[in-house]
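S.K.: Sharing a structure with you now.
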Amino acid sequence: MRVRIAYSKLEESRYIAHLDLARVFERAMRRAEIPMAYSEGFNPHPKISFGSALAVGVEGEKEYVDVELQQEMDIGEVLGRLQEQLPKGIRLLEGRVLADGSKALMAVLNSASYRVRLAMALPITRVRLQEALDSWLEREHVTYSRYSKKGPTEKDIRPLVKSLTGEIKGEEVIFDLEVEVGSQGGVRPEEVVGSLRELESLPLDMESIHIKRTGIYVSYQGQNLSPFEHDQIQRGRSKQEAR
Amino acid sequence: MSIMTAAEIRREMERFLPQVSKPNRYLGTEWNSIHKDWQQTAVHMAFAFPDVYEVGMSHLGTRILYHLVNSFPEFLCERTFAPWVDMEEKMRDRGIPLYALESFEPLKKFDVIGFTLQYEMSFSNILNMLDLAGIPVRSADRQAQDPWIIAGGPCVYNPEPLAPFIDFFLIGESEEQLPQVLGLIKEQKEKPRERREFLQRVAQVQGVYVPELYDISYKPDGRIEKIVPAPGAPVVVEKAIVTDLDQAFFPSNPIVPYMEIVHDRIMLEVMRGCSRGCRFCQAGMIYRPVRERSPQTLMQQAEELVRSTGYEEMSLTSLSTGDYSCVQPVIQEIVAKYGPQGVGVSLPSLRLDSFDVKLAEEVQKVRKSGLTFAPEAGTQRLRDVINKGVTEENLLETSEAAFKAGWSSIKLYFMIGLPTEVQADLDGIADLAKKVADLGTKNGRRNVKVTVSTSSFVPKSHTPFQWEPQEGMRSLEEKQQYLRSKLKDRRIKYNYHDVQTSFLEAVFAKGDRRLAEVLEWAFRHGCRFDGWSDQFRYDTWLQAFHELGIDPHFYAHRAMDYDDVLPWDHLDSGVSKRFLIEEHHRALRGTRTLDCRHTDCTGCGICPGRGVQVDLKG
């Protein structure tokens with residue numbers, strides 16, 4: 001039985017790295033005595049797969065994981081037992097049984113929304129902020145340099161940003177953005193905000209940045225669907241085709 | 001400087017945690033971590049591991065004592081580790097003191113801080129951690145409101161280089177001793193006495209060594225003249241021993257970190273002690289006698305541990321698990337019971353002569369693990385000198401069986417610079433490695449990989465080789481280069497340790513109190529994480545010796561005399577000096593001494609009068 005679970009990853013649990021998260025879930029499942037299915041071979045691994053990785057330190061409001069179980073179980077019981085064994089900050093929100101042949105999360109998730117909060121280094125007016133956003137959005141290309149072990153690489157992040165808005169709340173600036181997620185590598189919210197600071201000279205205190213992924217979706221016919229909704233549609237379509 | 005509160009530290013930390021590497025090192029909310037109420041507990045202890053989180057959390061002793069202390073309602077125990085250099089920089093920049101993970105309370109607020117001394121190269125981290133906590137590093141500079149600074153672990157068998165920094169050391173096994181000490185600290189907190197009076201009291205607990213109660217004088221040539229205990233202090237401090245290991249405390253709900261640590265698995269301690277009697281090995285001397293846990297106890301612990309941790313792997317740990325008399329049935333039972341739940345078994349460091357390929361296959365059933373053997377020396381002559389009872393036939397037979405059973409890579413550990421080593425012994429290492437690789441090829445393994453690692457012999461206190469000097473650095477380096485040239489074979493990979501680190505390890509392993517000055521100077525000039533090759537500053541250490549006019553070679557490269565007063569002569573592991581001298585003689589004659597588990601008592605001195613005996617369950 002394959003189940004898809006939606007969860008939030010907030011507060012301290014945002015520091016659990018993506019690779020470690022698989023182990024955290026695996027061990028929690030074992031403590032909860034929910035029998036997982038294992039891969040065949042020399043080094044059997046439980047069949048757990050996640051959607052798009054969340055960077056260390058970034059919170060997630062609604063993330064997804066697929067788990068394969070050895071036997072049929074009541075989904076409510078799975079969620080209840082697993083929740084008790086998870087670290088503080090990880091809350092299970094919803095779970096559904098997947099049909100055979102449902103596509104993996106990695107294969108369908110292609111869009112994400114983020115909320116970024118950070119302090120101003122100098123006062124910024126509402127007008128100034130809007131000017132900066134408009135000017136940034138008008139650009140056709142925004143090159144951003146990433147530094148890796150192989151040296152700096154330049155990347156055009158503009159095409160990956162679908163929308164970008166901002167507002168001022170007290171001493172903080174809050175940005176909402178929607179970006180493409182994909183196999184070609186996405187864009188990090190701090191890169192977008194960083195380029196606003198550099199290119200549009202917005203005095204933002206990058207050290208104070210707090211990032212939350214507010215959702216991750218399947219962008220399908222102009223709509224943002226949750227992977228649950230998308231799976232329903234896929235299932236409906238394959239039923240029709242079968243007829 | 002006013003000290004920050006826990007809430008202030010937490011608030012500051014939250015600002016920059018996303019910017020440091022591995023932030024999970026610094027959070028303390030792992031599964032099964034214990035968060036006790038400060039108001040409801042009488043004594044607050046911080047257990048301090050002087051290395052990074054992922055190393056410290058892999059140490060079984062740390063885990064046992066953390067849960068042991070917390071099992072007492074009146075005691076609270078939290079953890080702290082050495083912050084990695086990026087974190088330390090941020091903490092120092094912002095004036096954040098070192099804190100304990102569970103409560104974020106600054107270390108300075110605790111009643112007692114207990115360091116564990118696992119290796120000499122972590123000593124500088126101890127001073128750095130105290131300094132980062134805003135606690136004066138020297139006992140003499142601390143006030144009554146400062147915490148007691150104590151230390152345990154294998155290096156306390158010669159803790160002299162740390163004498164001015166640590167209030168008292170706990171020698172031996174702490175399961176019974178540490179709660180007694182905390183009880184005295186509780187009384188002291190309720191009804192304070194003079195420092196000296198408290199120290200005299202605590203010195204009466206088995207295995208507690210208070211360095212300031214001992215006066216050391218020196219001869220003009222630098223050797224020790226005598227060690228004089230203060231009136232009322234024990235003349236010789238004898239280690240504490242757990243008499244019934246089967247009934248001893250063992251945590252059933254260990255912490256499960258949220259990041260990968262070095263030994264990221266359940267550790268099931270099957271026995272303590274090893275009486276193989278390898279003459280270079282300190283652990284083999286100081287943890288005597290051999291005491292095993294019963295299969296019933298282990299299976300019950302295994303059950304609780306799998307339930308409480310959810311770990312996917314269980315390691316049967318001890319100094320030499322292949323020697324555990326019930327190893328086969330215990331492994332079979334664990335594999336049968338937990339294999340279907342995806343829990344594998346692993347065995348650390350197997351010995352060749354107790355290694356059984358069937359056993360390894362059992363382990364393999366669930367999860368693959370590499371094979372590591374430690375012949376330690378390249379010829380039978382030298383293996384007899386060090387009393388490593390392994391023969392070339394053992395190694396070759398076992399390797400062949402392993403290759404036949406499907407393994408293709410084998411690791412071999414050796415030491416260079418052992419007493420009496422000659423050219424033939426080096427050639428022996430290369431020959432053995434080649435023979436093993438050839439067996440792999442002969443048995444049709446295509447990706448044969450033999451990894452040869454050599455470490456440089458470091459003479460350790462309380463061993464038959466404690467009087468031996470370490471070999472000079474240049475000569476060790478030449479030996480490494482020689483082996484490198486002899487091991488040119490695409491199937492063989494050769495690793496070796498840098499000689500500077502081994503040299504410094506020898507200096508501190510055999511050092512005395514005068515080295516404390518050097519340690520403090522080096523720490524003040526930036527030395528820390530000396531065990532990490534990317535952080536090790538050998539030049540700074542050399543400068544420290546130079547500035548203070550202390551000759552490191554006096555410690556590392558001098559052969560000591562049986563008549564010399566050794567810096568650790570007032571500390572007793574239970575193995576008698578007479579036995580160590582006899583063993584040293586036998587080593588030089590190339591005479592073996594057999595394991596008392598299988599033959600007669602060797603007269604090492606550990607059992608008589610201590611209420612302990614060799615305890616086998618098989």
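The chains in the structure tokens are called A, B, ... from first to last as shown; in each chain the residues are counted from 1, and the ligands are counted from 1 in the order shown.
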Find the residues of chain B in contact range of chain A, meaning any atom within 12 Å when counting only C-alpha atoms, and list them as JSON, numbers by chain.
M.R.: {"B": [10, 12, 13, 14, 15, 16, 17, 18, 19, 20, 21, 22, 23, 24, 25, 26, 27, 28, 29, 30, 31, 32, 33, 253, 256, 257, 258, 259, 260, 261, 264, 265, 266, 303, 304, 305, 306, 307, 308, 309, 310, 311, 312, 313, 338, 339, 340, 341, 342, 343, 344, 363, 364, 365, 366, 367, 368, 369, 406, 407]}
S.K.: I want to know what sits within 6 Å of region 573-590 of chain B, based on only C-alpha atoms, with residues of the same chain fewer than 2 positions away left out; could you give that as a PyMOL selection string?
M.R.: chain B and resi 239+286+384-385+464+604-606
S.K.: I want to know what sits within 8 Å of Pro97 (chain B), based on only C-alpha atoms, with residues of the same chain fewer than 4 positions away left out; could you give that as a PyMOL selection string?
M.R.: chain B and resi 3-4+9+91-92+106-107+132-134
S.K.: I'd like the contact shell of Asp176 (chain A) - 7 Å cut-off, only C-alpha atoms, skipping same-chain residues fewer than 6 positions apart - returned as a PDB file with all heavy atoms, in the first residue's frame.
M.R.:
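Output file out_6.pdb is given in full below:
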ATOM      1  N   TYR A 114       6.841  30.879  -2.050  1.00  0.00           N
ATOM      2  CA  TYR A 114       7.645  31.177  -0.865  1.00  0.00           C
ATOM      3  C   TYR A 114       7.209  32.496  -0.247  1.00  0.00           C
ATOM      4  O   TYR A 114       6.772  33.405  -0.956  1.00  0.00           O
ATOM      5  CB  TYR A 114       9.128  31.315  -1.231  1.00  0.00           C
ATOM      6  CG  TYR A 114       9.812  30.024  -1.557  1.00  0.00           C
ATOM      7  CD1 TYR A 114       9.890  29.569  -2.873  1.00  0.00           C
ATOM      8  CD2 TYR A 114      10.416  29.267  -0.553  1.00  0.00           C
ATOM      9  CE1 TYR A 114      10.540  28.387  -3.190  1.00  0.00           C
ATOM     10  CE2 TYR A 114      11.074  28.084  -0.853  1.00  0.00           C
ATOM     11  CZ  TYR A 114      11.132  27.647  -2.169  1.00  0.00           C
ATOM     12  OH  TYR A 114      11.788  26.488  -2.479  1.00  0.00           O
ATOM     13  N   ARG A 115       7.374  32.587   1.061  1.00  0.00           N
ATOM     14  CA  ARG A 115       7.251  33.874   1.738  1.00  0.00           C
ATOM     15  C   ARG A 115       8.592  34.155   2.408  1.00  0.00           C
ATOM     16  O   ARG A 115       9.117  33.329   3.149  1.00  0.00           O
ATOM     17  CB  ARG A 115       6.130  33.820   2.771  1.00  0.00           C
ATOM     18  CG  ARG A 115       6.105  35.043   3.665  1.00  0.00           C
ATOM     19  CD  ARG A 115       4.771  35.215   4.324  1.00  0.00           C
ATOM     20  NE  ARG A 115       3.796  35.711   3.357  1.00  0.00           N
ATOM     21  CZ  ARG A 115       2.638  36.284   3.711  1.00  0.00           C
ATOM     22  NH1 ARG A 115       2.321  36.416   4.989  1.00  0.00           N
ATOM     23  NH2 ARG A 115       1.801  36.720   2.794  1.00  0.00           N
ATOM     24  N   VAL A 116       9.151  35.312   2.111  1.00  0.00           N
ATOM     25  CA  VAL A 116      10.470  35.685   2.634  1.00  0.00           C
ATOM     26  C   VAL A 116      10.312  36.929   3.501  1.00  0.00           C
ATOM     27  O   VAL A 116       9.708  37.915   3.070  1.00  0.00           O
ATOM     28  CB  VAL A 116      11.448  35.990   1.472  1.00  0.00           C
ATOM     29  CG1 VAL A 116      12.816  36.363   2.012  1.00  0.00           C
ATOM     30  CG2 VAL A 116      11.553  34.801   0.539  1.00  0.00           C
ATOM     31  N   LEU A 164       6.118  37.930  -8.198  1.00  0.00           N
ATOM     32  CA  LEU A 164       6.897  38.480  -7.081  1.00  0.00           C
ATOM     33  C   LEU A 164       6.178  39.722  -6.576  1.00  0.00           C
ATOM     34  O   LEU A 164       5.949  40.664  -7.337  1.00  0.00           O
ATOM     35  CB  LEU A 164       8.313  38.826  -7.550  1.00  0.00           C
ATOM     36  CG  LEU A 164       9.210  39.603  -6.587  1.00  0.00           C
ATOM     37  CD1 LEU A 164       9.505  38.785  -5.325  1.00  0.00           C
ATOM     38  CD2 LEU A 164      10.537  39.964  -7.262  1.00  0.00           C
ATOM     39  N   THR A 165       5.793  39.721  -5.315  1.00  0.00           N
ATOM     40  CA  THR A 165       5.179  40.900  -4.717  1.00  0.00           C
ATOM     41  C   THR A 165       5.848  41.175  -3.374  1.00  0.00           C
ATOM     42  O   THR A 165       6.534  40.316  -2.840  1.00  0.00           O
ATOM     43  CB  THR A 165       3.666  40.694  -4.450  1.00  0.00           C
ATOM     44  OG1 THR A 165       3.521  39.581  -3.556  1.00  0.00           O
ATOM     45  CG2 THR A 165       2.900  40.423  -5.725  1.00  0.00           C
ATOM     46  N   GLY A 166       5.662  42.382  -2.863  1.00  0.00           N
ATOM     47  CA  GLY A 166       6.277  42.710  -1.579  1.00  0.00           C
ATOM     48  C   GLY A 166       5.445  43.709  -0.814  1.00  0.00           C
ATOM     49  O   GLY A 166       4.676  44.468  -1.392  1.00  0.00           O
TER      50      GLY A 166
END
S.K.: Fewer than 2 positions away in the same chain doesn't count, so skip those; otherwise give me all residues within 12 Å of region 121-126 of chain A, counting only C-alpha atoms, as a JSON list (two decimals) with N, CA, C and O atoms, in the first residue's frame.
M.R.:
[["chain", "number", "residue", "atom", "x", "y", "z"],
["A", 118, "LEU", "N", 12.44, 39.73, 5.89],
["A", 118, "LEU", "CA", 13.75, 40.18, 6.36],
["A", 118, "LEU", "C", 13.70, 41.64, 6.79],
["A", 118, "LEU", "O", 12.77, 42.38, 6.44],
["A", 119, "ALA", "N", 14.68, 42.02, 7.59],
["A", 119, "ALA", "CA", 14.71, 43.37, 8.14],
["A", 119, "ALA", "C", 15.30, 44.34, 7.13],
["A", 119, "ALA", "O", 16.02, 43.94, 6.22],
["A", 128, "ARG", "N", 9.07, 53.15, -2.75],
["A", 128, "ARG", "CA", 10.42, 52.70, -3.14],
["A", 128, "ARG", "C", 10.42, 51.18, -3.39],
["A", 128, "ARG", "O", 11.01, 50.69, -4.35],
["A", 129, "LEU", "N", 9.77, 50.46, -2.53],
["A", 129, "LEU", "CA", 9.71, 49.01, -2.66],
["A", 129, "LEU", "C", 9.01, 48.61, -3.96],
["A", 129, "LEU", "O", 9.49, 47.77, -4.72],
["A", 130, "GLN", "N", 7.87, 49.28, -4.25],
["A", 130, "GLN", "CA", 7.12, 48.94, -5.45],
["A", 130, "GLN", "C", 7.92, 49.25, -6.70],
["A", 130, "GLN", "O", 7.92, 48.45, -7.65],
["A", 131, "GLU", "N", 8.61, 50.40, -6.68],
["A", 131, "GLU", "CA", 9.47, 50.75, -7.83],
["A", 131, "GLU", "C", 10.50, 49.65, -8.09],
["A", 131, "GLU", "O", 10.73, 49.24, -9.22],
["A", 132, "ALA", "N", 11.12, 49.21, -7.00],
["A", 132, "ALA", "CA", 12.16, 48.19, -7.13],
["A", 132, "ALA", "C", 11.58, 46.89, -7.71],
["A", 132, "ALA", "O", 12.17, 46.28, -8.61],
["A", 133, "LEU", "N", 10.40, 46.51, -7.21],
["A", 133, "LEU", "CA", 9.78, 45.29, -7.70],
["A", 133, "LEU", "C", 9.42, 45.41, -9.18],
["A", 133, "LEU", "O", 9.70, 44.50, -9.98],
["A", 165, "THR", "N", 5.79, 39.72, -5.31],
["A", 165, "THR", "CA", 5.18, 40.90, -4.72],
["A", 165, "THR", "C", 5.85, 41.17, -3.37],
["A", 165, "THR", "O", 6.53, 40.32, -2.84],
["A", 166, "GLY", "N", 5.66, 42.38, -2.86],
["A", 166, "GLY", "CA", 6.28, 42.71, -1.58],
["A", 166, "GLY", "C", 5.44, 43.71, -0.81],
["A", 166, "GLY", "O", 4.68, 44.47, -1.39],
["A", 167, "GLU", "N", 5.57, 43.66, 0.50],
["A", 167, "GLU", "CA", 4.89, 44.68, 1.31],
["A", 167, "GLU", "C", 5.74, 44.95, 2.55],
["A", 167, "GLU", "O", 6.64, 44.19, 2.90],
["A", 168, "ILE", "N", 5.40, 46.07, 3.20],
["A", 168, "ILE", "CA", 6.17, 46.46, 4.37],
["A", 168, "ILE", "C", 5.31, 46.27, 5.60],
["A", 168, "ILE", "O", 4.13, 46.68, 5.63],
["A", 169, "LYS", "N", 5.86, 45.59, 6.59],
["A", 169, "LYS", "CA", 5.13, 45.40, 7.85],
["A", 169, "LYS", "C", 6.07, 45.77, 8.98],
["A", 169, "LYS", "O", 7.02, 45.03, 9.27],
["A", 170, "GLY", "N", 5.82, 46.92, 9.58],
["A", 170, "GLY", "CA", 6.69, 47.38, 10.66],
["A", 170, "GLY", "C", 8.11, 47.57, 10.15],
["A", 170, "GLY", "O", 8.33, 48.27, 9.16],
["A", 171, "GLU", "N", 9.05, 46.90, 10.78],
["A", 171, "GLU", "CA", 10.47, 47.04, 10.41],
["A", 171, "GLU", "C", 10.87, 46.03, 9.33],
["A", 171, "GLU", "O", 12.02, 46.01, 8.92],
["A", 172, "GLU", "N", 9.91, 45.21, 8.94],
["A", 172, "GLU", "CA", 10.26, 44.11, 8.04],
["A", 172, "GLU", "C", 9.68, 44.31, 6.64],
["A", 172, "GLU", "O", 8.65, 44.95, 6.46],
["A", 173, "VAL", "N", 10.36, 43.70, 5.67],
["A", 173, "VAL", "CA", 9.81, 43.61, 4.33],
["A", 173, "VAL", "C", 9.41, 42.16, 4.11],
["A", 173, "VAL", "O", 10.15, 41.25, 4.48],
["A", 174, "ILE", "N", 8.23, 41.97, 3.55],
["A", 174, "ILE", "CA", 7.76, 40.61, 3.30],
["A", 174, "ILE", "C", 7.54, 40.43, 1.80],
["A", 174, "ILE", "O", 6.84, 41.22, 1.17],
["A", 197, "ARG", "N", 18.33, 43.36, -3.89],
["A", 197, "ARG", "CA", 19.21, 44.22, -3.11],
["A", 197, "ARG", "C", 20.34, 44.78, -3.99],
["A", 197, "ARG", "O", 20.62, 45.97, -3.97],
["A", 201, "SER", "N", 19.13, 48.13, -5.62],
["A", 201, "SER", "CA", 19.67, 48.86, -4.46],
["A", 201, "SER", "C", 18.67, 48.98, -3.31],
["A", 201, "SER", "O", 18.51, 50.04, -2.71],
["A", 202, "LEU", "N", 17.99, 47.89, -3.03],
["A", 202, "LEU", "CA", 17.08, 47.88, -1.87],
["A", 202, "LEU", "C", 17.91, 47.56, -0.63],
["A", 202, "LEU", "O", 18.55, 46.51, -0.57],
["A", 203, "PRO", "N", 17.91, 48.44, 0.37],
["A", 203, "PRO", "CA", 18.74, 48.17, 1.55],
["A", 203, "PRO", "C", 18.12, 47.11, 2.48],
["A", 203, "PRO", "O", 17.40, 47.44, 3.41],
["A", 204, "LEU", "N", 18.41, 45.85, 2.18],
["A", 204, "LEU", "CA", 17.85, 44.74, 2.95],
["A", 204, "LEU", "C", 18.95, 44.09, 3.78],
["A", 204, "LEU", "O", 20.09, 43.97, 3.33],
["A", 205, "ASP", "N", 18.60, 43.70, 5.00],
["A", 205, "ASP", "CA", 19.57, 43.04, 5.87],
["A", 205, "ASP", "C", 19.49, 41.53, 5.63],
["A", 205, "ASP", "O", 18.67, 40.82, 6.19],
["A", 206, "MET", "N", 20.38, 41.06, 4.73],
["A", 206, "MET", "CA", 20.31, 39.66, 4.30],
["A", 206, "MET", "C", 20.51, 38.68, 5.45],
["A", 206, "MET", "O", 20.02, 37.55, 5.41],
["A", 207, "GLU", "N", 21.27, 39.09, 6.46],
["A", 207, "GLU", "CA", 21.53, 38.19, 7.60],
["A", 207, "GLU", "C", 20.24, 37.81, 8.34],
["A", 207, "GLU", "O", 20.18, 36.76, 8.97],
["A", 208, "SER", "N", 19.25, 38.69, 8.27],
["A", 208, "SER", "CA", 18.04, 38.44, 9.06],
["A", 208, "SER", "C", 16.99, 37.64, 8.28],
["A", 208, "SER", "O", 15.88, 37.48, 8.73],
["A", 209, "ILE", "N", 17.37, 37.12, 7.13],
["A", 209, "ILE", "CA", 16.39, 36.49, 6.25],
["A", 209, "ILE", "C", 15.72, 35.27, 6.87],
["A", 209, "ILE", "O", 16.35, 34.46, 7.56]]
S.K.: Which residues, written as a list in words, have at least one atom at most 12 Å from Gly101 (chain A), with only C-alpha atoms counted and residues fewer than 5 positions away on the same chain left out?
M.R.: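 In the requested format, the answer is Met1, Arg2, Asp231, Gln234, Arg235 and Ser238 of chain A.
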S.K.: Write the residues of the preceding selection, restricted to N, CA and C atoms, as a short mmCIF file (atom, residue, chain, number, x, y, z; two decimals), in the first residue's frame.
M.R.:
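Full text of result30.cif as output:
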data_model
loop_
_atom_site.label_atom_id
_atom_site.label_comp_id
_atom_site.auth_asym_id
_atom_site.auth_seq_id
_atom_site.Cartn_x
_atom_site.Cartn_y
_atom_site.Cartn_z
N MET A 1 0.84 -1.19 0.00
CA MET A 1 0.00 0.00 0.00
C MET A 1 0.88 1.25 0.00
N ARG A 2 0.60 2.13 -0.96
CA ARG A 2 1.39 3.37 -1.02
C ARG A 2 0.56 4.52 -0.46
N ASP A 231 -3.30 13.90 -8.49
CA ASP A 231 -3.42 12.45 -8.55
C ASP A 231 -4.86 12.04 -8.86
N GLN A 234 -5.46 12.62 -12.52
CA GLN A 234 -4.78 11.59 -13.30
C GLN A 234 -5.55 10.28 -13.24
N ARG A 235 -6.02 9.98 -12.03
CA ARG A 235 -6.74 8.74 -11.83
C ARG A 235 -8.03 8.74 -12.66
N SER A 238 -7.16 8.20 -16.30
CA SER A 238 -6.79 6.85 -16.69
C SER A 238 -8.01 5.93 -16.66
#
S.K.: At what distance in Å, to one decimal, does CA of Ile241 (chain B) lie from CA of Gly172 (chain B)?
M.R.: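 We find that CA of Gly172 (chain B) and CA of Ile241 (chain B) lie 6.2 Å from each other.
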S.K.: Which residues in region 134-209 of chain A does DSSP call alpha helix (DSSP H)? List them as a list in words.
M.R.: Asp134, Ser135, Trp136, Leu137, Glu138, Pro189, Glu190, Glu191, Val192, Val193, Gly194, Ser195, Leu196, Arg197, Glu198 and Leu199 of chain A
S.K.: Which is closest to Ile233 (chain A) among A:Ile216, A:Ala99, A:Ser145, A:Ile157, if we use only C-alpha atoms?
M.R.: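 Of A:Ile216, A:Ala99, A:Ser145, A:Ile157, the one nearest Ile233 (chain A) is A:Ala99, counting only C-alpha atoms.
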S.K.: For CA of Tyr209 (chain B) and CA of Phe169 (chain B), determine how far apart the two atoms are, in Å to one decimal place.
M.R.: 5.0 Å
S.K.: Which of region 131-300 of chain B end up as strand (DSSP E) when DSSP is run on this backbone - answer as a ChimeraX atom specification?
M.R.: /B:148-152,168-170,208-209,214-218,224-229,237-238,266-269,271-272,291-292
